[in-house]
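To be precise, the following lines are model-v4.cif, and they hold mmCIF, C-alpha atoms.
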data_structure
loop_
_atom_site.label_atom_id
_atom_site.label_comp_id
_atom_site.auth_asym_id
_atom_site.auth_seq_id
_atom_site.Cartn_x
_atom_site.Cartn_y
_atom_site.Cartn_z
CA MET A 1395 20.94 16.01 -13.11
CA THR A 1396 17.62 17.67 -13.96
CA ASN A 1397 17.85 21.39 -14.71
CA ILE A 1398 15.01 22.94 -12.73
CA ASN A 1399 14.81 25.83 -15.19
CA ALA A 1400 14.06 23.30 -17.93
CA LEU A 1401 11.74 21.17 -15.82
CA ASP A 1402 8.59 20.54 -17.84
CA PRO A 1403 5.55 20.60 -15.50
CA GLY A 1404 3.59 18.66 -18.10
CA ALA A 1405 6.06 15.78 -18.27
CA SER A 1406 4.68 13.88 -15.28
CA PRO A 1407 2.86 14.44 -11.98
CA LEU A 1408 6.26 14.33 -10.23
CA ASP A 1409 7.65 17.09 -12.49
CA TYR A 1410 4.50 19.17 -11.96
CA TYR A 1411 4.80 18.76 -8.19
CA GLY A 1412 8.44 19.90 -8.26
CA TYR A 1413 7.65 22.83 -10.51
CA GLU A 1414 4.84 24.04 -8.23
CA LEU A 1415 6.89 23.54 -5.08
CA ARG A 1416 9.66 25.74 -6.44
CA ARG A 1417 7.20 28.35 -7.72
CA HIS A 1418 5.46 28.66 -4.35
CA ARG A 1419 8.73 28.61 -2.40
CA GLU A 1420 10.17 31.44 -4.47
CA ALA A 1421 6.92 33.39 -4.24
CA ALA A 1422 7.24 33.13 -0.46
CA GLY A 1423 10.82 34.45 -0.66
CA LEU A 1424 12.32 31.34 0.90
CA THR A 1425 15.57 29.55 0.11
CA LEU A 1426 15.74 25.77 -0.03
CA LYS A 1427 17.41 25.75 3.37
CA GLN A 1428 14.81 28.08 4.89
CA LEU A 1429 11.86 26.06 3.64
CA GLY A 1430 13.58 22.86 4.75
CA GLY A 1431 13.97 24.30 8.23
CA ILE A 1432 10.29 25.19 8.39
CA LEU A 1433 9.25 21.73 7.20
CA ASN A 1434 11.82 19.97 9.40
CA TYR A 1435 13.55 18.47 6.35
CA THR A 1436 16.92 19.27 4.82
CA GLY A 1437 17.19 21.88 2.11
CA SER A 1438 18.83 19.19 0.00
CA LEU A 1439 15.70 17.04 0.18
CA VAL A 1440 13.50 19.99 -0.80
CA GLY A 1441 15.80 20.57 -3.76
CA GLN A 1442 15.62 16.94 -4.82
CA ILE A 1443 11.82 17.06 -4.78
CA GLU A 1444 11.82 20.33 -6.73
CA THR A 1445 14.01 18.75 -9.41
CA ALA A 1446 11.90 15.57 -9.61
CA ARG A 1447 14.72 13.42 -8.26
CA LYS A 1448 12.88 12.46 -5.08
CA VAL A 1449 9.30 11.36 -4.52
CA PRO A 1450 7.44 13.49 -1.93
CA THR A 1451 5.55 11.82 0.89
CA PRO A 1452 2.07 12.68 2.17
CA GLU A 1453 3.65 14.02 5.36
CA PHE A 1454 5.98 16.31 3.42
CA SER A 1455 3.02 17.51 1.36
CA GLU A 1456 0.90 18.32 4.41
CA ARG A 1457 3.75 20.35 5.89
CA ALA A 1458 4.36 22.14 2.57
CA ASP A 1459 0.67 23.08 2.35
CA ALA A 1460 0.78 24.50 5.89
CA ALA A 1461 4.03 26.40 5.33
CA LEU A 1462 3.19 27.82 1.90
CA GLY A 1463 -0.54 28.36 2.42
CA THR A 1464 -1.51 26.27 -0.60
CA ASP A 1465 -4.86 25.09 0.75
CA GLY A 1466 -4.15 21.36 0.47
CA MET A 1467 -2.86 21.50 -3.11
CA PHE A 1468 0.28 19.46 -2.46
CA SER A 1469 -1.67 16.93 -0.37
CA ARG A 1470 -4.02 16.40 -3.29
CA LEU A 1471 -1.26 16.35 -5.87
CA VAL A 1472 0.87 13.82 -3.99
CA GLU A 1473 -1.85 11.20 -4.50
CA LEU A 1474 -1.40 11.50 -8.27
CA VAL A 1475 2.38 11.51 -7.92
CA LEU A 1476 2.48 8.35 -5.85
CA ARG A 1477 0.05 6.48 -8.08
CA SER A 1478 2.01 7.46 -11.18
CA ARG A 1479 5.18 5.99 -9.65
CA LEU A 1480 3.67 2.54 -9.34
CA PRO A 1481 4.62 0.06 -12.07
CA ALA A 1482 2.42 0.70 -15.10
CA TRP A 1483 0.77 -2.71 -14.88
CA PHE A 1484 -0.09 -2.10 -11.20
CA GLN A 1485 -1.60 1.37 -11.50
CA GLN A 1486 -4.99 -0.07 -12.36
CA VAL A 1487 -4.97 -2.00 -9.08
CA ALA A 1488 -4.41 1.19 -7.11
CA GLU A 1489 -7.38 2.72 -8.90
CA LEU A 1490 -9.55 -0.31 -8.11
CA GLU A 1491 -8.56 -0.02 -4.45
CA THR A 1492 -9.63 3.62 -4.27
CA ARG A 1493 -13.02 2.99 -5.93
CA ALA A 1494 -14.01 -0.32 -4.30
CA THR A 1495 -16.61 -0.52 -1.57
CA GLU A 1496 -15.40 -4.01 -0.61
CA ILE A 1497 -12.07 -5.75 -1.16
CA CYS A 1498 -11.62 -9.48 -0.58
CA SER A 1499 -8.05 -10.73 -0.76
CA PHE A 1500 -6.50 -14.18 -0.47
CA GLN A 1501 -2.72 -14.46 -0.05
CA THR A 1502 -0.83 -17.73 -0.12
CA HIS A 1503 2.58 -16.81 1.29
CA MET A 1504 2.94 -13.22 2.46
CA VAL A 1505 1.08 -10.29 4.00
CA LEU A 1506 -0.52 -8.25 1.23
CA GLY A 1507 0.54 -4.69 0.51
CA LEU A 1508 -2.44 -2.91 2.09
CA LEU A 1509 -1.50 -4.40 5.47
CA GLN A 1510 2.31 -4.24 5.27
CA THR A 1511 4.54 -2.27 7.61
CA GLN A 1512 7.38 -0.18 6.23
CA GLY A 1513 10.04 -2.72 7.21
CA TYR A 1514 8.12 -5.63 5.73
CA ALA A 1515 7.33 -3.77 2.49
CA GLN A 1516 10.95 -2.72 2.11
CA ALA A 1517 12.13 -6.31 2.56
CA VAL A 1518 9.63 -7.57 -0.04
CA LEU A 1519 10.45 -4.87 -2.60
CA GLY A 1520 14.20 -5.16 -2.03
CA ALA A 1521 14.44 -8.93 -2.31
CA LEU A 1522 15.91 -8.69 -5.80
CA ASP A 1523 16.24 -4.99 -6.62
CA ARG A 1524 17.30 -2.37 -4.07
CA THR A 1525 17.46 0.62 -6.43
CA ASP A 1526 15.33 3.58 -5.29
CA LEU A 1527 14.09 1.30 -2.51
CA GLU A 1528 13.09 4.08 -0.14
CA ASP A 1529 10.95 5.80 -2.78
CA ARG A 1530 9.40 2.53 -4.01
CA THR A 1531 8.50 1.60 -0.44
CA ALA A 1532 6.86 4.98 0.18
CA VAL A 1533 4.87 4.64 -3.03
CA SER A 1534 3.67 1.17 -2.08
CA LEU A 1535 2.68 2.17 1.46
CA ALA A 1536 0.78 5.21 0.19
CA ARG A 1537 -1.89 2.83 -1.12
CA GLN A 1538 -2.92 2.26 2.50
CA ARG A 1539 -4.35 5.79 2.61
CA VAL A 1540 -7.46 4.24 1.08
CA PHE A 1541 -8.40 3.30 4.66
CA GLU A 1542 -8.33 6.98 5.66
CA LYS A 1543 -11.12 7.97 3.27
CA GLY A 1544 -14.41 9.24 4.63
CA GLU A 1545 -15.96 5.92 3.67
CA PRO A 1546 -13.15 3.38 3.38
CA PRO A 1547 -13.81 0.01 1.76
CA VAL A 1548 -14.75 -3.01 3.84
CA PHE A 1549 -11.66 -5.19 3.66
CA TRP A 1550 -11.48 -8.95 4.10
CA ALA A 1551 -8.08 -10.66 4.09
CA VAL A 1552 -7.57 -14.42 4.25
CA LEU A 1553 -3.91 -15.22 4.83
CA SER A 1554 -2.38 -18.66 4.65
CA GLU A 1555 -0.63 -19.59 7.89
CA ALA A 1556 2.52 -19.70 5.74
CA ALA A 1557 2.43 -15.88 5.61
CA LEU A 1558 2.98 -15.80 9.37
CA GLY A 1559 5.96 -18.13 9.27
CA LEU A 1560 7.85 -16.92 6.21
CA GLU A 1561 10.45 -14.72 7.89
CA ILE A 1562 10.57 -11.66 5.66
CA GLY A 1563 12.96 -8.96 6.83
CA GLY A 1564 14.10 -10.83 9.95
CA PRO A 1565 12.57 -11.45 13.39
CA GLU A 1566 12.20 -7.79 14.41
CA VAL A 1567 10.42 -6.87 11.18
CA MET A 1568 8.16 -9.92 11.48
CA ARG A 1569 7.23 -9.13 15.06
CA GLY A 1570 6.34 -5.60 14.03
CA GLN A 1571 4.34 -6.88 11.07
CA LEU A 1572 2.31 -9.34 13.13
CA ALA A 1573 1.71 -6.69 15.80
CA HIS A 1574 0.42 -4.45 13.01
CA LEU A 1575 -2.06 -7.13 11.94
CA LEU A 1576 -3.28 -7.38 15.52
CA SER A 1577 -3.83 -3.62 15.65
CA PHE A 1578 -6.90 -4.07 13.41
CA GLU A 1579 -8.72 -6.37 15.87
CA SER A 1580 -11.25 -3.70 16.86
CA ASN A 1581 -11.71 -2.27 13.36
CA PRO A 1582 -14.91 -3.74 11.84
CA ARG A 1583 -13.92 -2.59 8.34
CA ILE A 1584 -10.59 -4.48 8.28
CA ASN A 1585 -11.05 -8.19 8.91
CA ILE A 1586 -8.17 -10.67 8.95
CA GLN A 1587 -8.57 -14.45 8.96
CA VAL A 1588 -5.86 -17.08 8.87
CA LEU A 1589 -6.19 -20.28 6.87
CA PRO A 1590 -4.35 -22.84 9.04
CA PHE A 1591 -2.07 -25.57 7.74
CA SER A 1592 -4.49 -28.11 9.21
CA THR A 1593 -7.06 -27.17 6.53
CA GLY A 1594 -5.17 -29.26 4.01
CA ALA A 1595 -6.44 -29.01 0.43
CA HIS A 1596 -8.47 -25.83 -0.10
CA PRO A 1597 -10.02 -23.77 -2.93
CA GLY A 1598 -7.08 -21.35 -3.02
CA LEU A 1599 -4.41 -23.81 -4.06
CA GLN A 1600 -4.26 -22.27 -7.54
CA GLY A 1601 -2.86 -19.05 -6.09
CA SER A 1602 -3.58 -15.64 -4.62
CA PHE A 1603 -6.40 -13.46 -5.94
CA ASP A 1604 -8.44 -10.38 -5.08
CA VAL A 1605 -12.12 -9.58 -5.57
CA TYR A 1606 -13.14 -5.91 -5.87
CA ARG A 1607 -16.80 -4.95 -5.45
CA PHE A 1608 -18.24 -1.52 -6.26
CA SER A 1609 -21.46 0.35 -5.58
CA THR A 1610 -22.52 0.40 -9.25
CA ASP A 1611 -19.76 -1.08 -11.44
CA PRO A 1612 -19.35 -4.83 -12.09
CA THR A 1613 -17.23 -6.88 -9.68
CA ILE A 1614 -13.64 -7.41 -10.79
CA VAL A 1615 -11.33 -10.35 -10.03
CA TYR A 1616 -7.61 -9.63 -10.07
CA THR A 1617 -4.74 -12.11 -10.31
CA GLU A 1618 -1.06 -11.39 -10.71
CA GLY A 1619 1.96 -12.83 -12.48
CA TYR A 1620 5.60 -11.75 -12.74
CA GLY A 1621 5.47 -8.13 -13.86
CA SER A 1622 1.86 -8.32 -15.00
CA GLY A 1623 -1.64 -8.00 -13.60
CA HIS A 1624 -4.81 -9.63 -14.87
CA PRO A 1625 -8.11 -7.93 -13.95
CA THR A 1626 -11.32 -9.37 -15.36
CA ALA A 1627 -15.04 -8.73 -15.03
CA ASN A 1628 -15.95 -11.96 -16.83
CA PRO A 1629 -19.15 -13.11 -15.05
CA ASP A 1630 -18.11 -16.77 -14.98
CA THR A 1631 -14.70 -15.97 -13.48
CA VAL A 1632 -16.25 -13.59 -10.95
CA ARG A 1633 -18.80 -16.22 -9.88
CA GLU A 1634 -16.16 -18.94 -9.55
CA CYS A 1635 -13.70 -16.79 -7.59
CA SER A 1636 -16.44 -15.39 -5.34
CA LEU A 1637 -17.46 -18.95 -4.51
CA ARG A 1638 -13.83 -19.89 -3.88
CA TYR A 1639 -13.47 -16.93 -1.54
CA ASP A 1640 -16.62 -17.85 0.39
CA HIS A 1641 -15.23 -21.34 0.93
CA LEU A 1642 -11.83 -19.96 1.97
CA ARG A 1643 -13.45 -17.72 4.57
CA ALA A 1644 -15.50 -20.65 5.84
CA ALA A 1645 -12.39 -22.85 6.12
CA ALA A 1646 -10.29 -20.13 7.78
CA LEU A 1647 -10.19 -19.53 11.52
CA SER A 1648 -12.65 -17.06 12.98
CA LEU A 1649 -11.52 -13.47 13.45
CA THR A 1650 -10.90 -14.10 17.15
CA ASP A 1651 -9.07 -17.40 16.64
CA SER A 1652 -7.03 -15.88 13.81
CA ALA A 1653 -5.88 -13.06 16.07
CA GLU A 1654 -4.97 -15.60 18.73
CA LEU A 1655 -2.86 -17.60 16.26
CA ILE A 1656 -1.14 -14.44 15.03
CA ARG A 1657 -0.40 -13.47 18.64
CA ARG A 1658 0.92 -16.95 19.44
CA VAL A 1659 3.22 -17.02 16.39
CA MET A 1660 4.44 -13.52 17.20
CA GLU A 1661 5.41 -14.50 20.73
CA ASP A 1662 6.67 -18.06 20.06
CA ARG A 1663 8.70 -17.34 16.94
CA TYR A 1664 9.60 -13.66 17.27
CA GLY A 1665 9.20 -12.99 20.98
CA ASP A 1666 12.90 -12.20 21.49
CA ALA A 1667 12.87 -9.53 18.79
CA VAL A 1668 12.77 -5.90 19.86
CA ALA A 1669 9.47 -4.53 18.50
#
Here is a file; write its structure as structure tokens.
Amino acid sequence: MTNINALDPGASPLDYYGYELRRHREAAGLTLKQLGGILNYTGSLVGQIETARKVPTPEFSERADAALGTDGMFSRLVELVLRSRLPAWFQQVAELETRATEICSFQTHMVLGLLQTQGYAQAVLGALDRTDLEDRTAVSLARQRVFEKGEPPVFWAVLSEAALGLEIGGPEVMRGQLAHLLSFESNPRINIQVLPFSTGAHPGLQGSFDVYRFSTDPTIVYTEGYGSGHPTANPDTVRECSLRYDHLRAAALSLTDSAELIRRVMEDRYGDAVA
């Protein structure tokens, strides 16, 4: 168990967060139980965060800022904490997501992370390894806060129809996930198209990929393997993948028809699930 008295605030963003939380709590004259009561969390959870054994959430951080009068410090710090808890090879992706003005994603078999619900993300992350699953899920979902920025990126997602049918997490989770996709219908910055099975051979058969565009920096193409990520700004690769993406969007159903297919799959396949 971590000794809070020996906790090094310079060891990691998580250690720094815990160190500052304890310092401000003690300055306010509050016990762990008292602060937990104010935040509507258990004193045990507060203690785990203070000793860097538990990852704080944005919601916890907002409440801590309000209770301790820290002027948004914990809300700002939690962004660094969550990003630092991503796998090392994936941290660059999170940075690309926060800086991009446009993100174009093609997924062959599942709903991508920026659009996942908690249940779906937990099922994906826990397929092989369930250790620290709650924290890993929270870290993954925190990436979606990119859509809450003052000027969020324009997001295009082309999903293979297979992503709608692969039952990840069970019927109830899938119904909730498809309903979540439909919730973006009226959001012009988040656009979801489905590539139907009837398309047959298409330019994305080589696998999933993402294209990140920026206001001034060069466009980056990102592909992924087992435990590794491969970003590149090579002009030839960027041109080829941009062309592939244009053809995928052209072959996919329109936004309206895609939503209709998602709705139909949700009702036909998962209609008996309790959403």
How would you write, as JSON, numbers by chain, the residues chosen by the PyMOL selection byres ((chain A and resi 1594-1609) around 6) on this structure? {"A": [1494, 1495, 1496, 1497, 1498, 1499, 1500, 1501, 1502, 1592, 1593, 1610, 1611, 1613, 1614, 1615, 1616, 1617, 1638]}
For each of A:Tyr1664, A:Ser1438, A:Thr1451, A:Thr1464, take the minimum atom-to-atom distance to Arg1417 in chain A, counting only C-alpha atoms, then give the residue where this is smallest. A:Thr1464
Around the point (-0.3, -5.9, 7.0) (coordinates from the file), which residues reach within 8 Å if we count all atoms listed in the file? Answer as a PyMOL selection string. chain A and resi 1505-1511+1571-1572+1574-1575
Near Ser1648 in chain A, within 10 Å and counting only C-alpha atoms, which residues show up once chain neighbours fewer than 5 positions away are dropped, as a list in words?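 The residues that qualify are Asn1585, Ile1586, Gln1587, Val1588, Leu1589, Arg1643, Ala1653 and Glu1654 of chain A.
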Determine the residue membership of the PyMOL selection byres ((chain A and resi 1627) around 8) for the file above and supply it as a PyMOL selection string. chain A and resi 1612-1615+1625-1626+1628-1629+1631-1632
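Between Lys1427 in chain A and the residues A:Pro1565, A:Ala1488, A:Gly1441, A:Pro1452, the shortest atom-to-atom distance, using only C-alpha atoms, involves A:Gly1441.
Coordinates place CA of Ala1517 in chain A at a distance of 16.9 Å from CA of Ala1573 in chain A.
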Would you compute the distance between CA of Ser1478 in chain A and CA of Asp1409 in chain A? Give it in Å to one decimal. 11.2 Å
Please report the interatomic distance between CA of Ala1405 in chain A and CA of Leu1480 in chain A in Å with one decimal.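 Result for CA of Ala1405 in chain A versus CA of Leu1480 in chain A: 16.1 Å, one decimal.
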Tell me which residues the PyMOL selection byres ((chain A and resi 1559-1563) around 9) grabs here, as a ChimeraX atom specification. /A:1503-1504,1513-1518,1555-1558,1564-1568,1659,1663
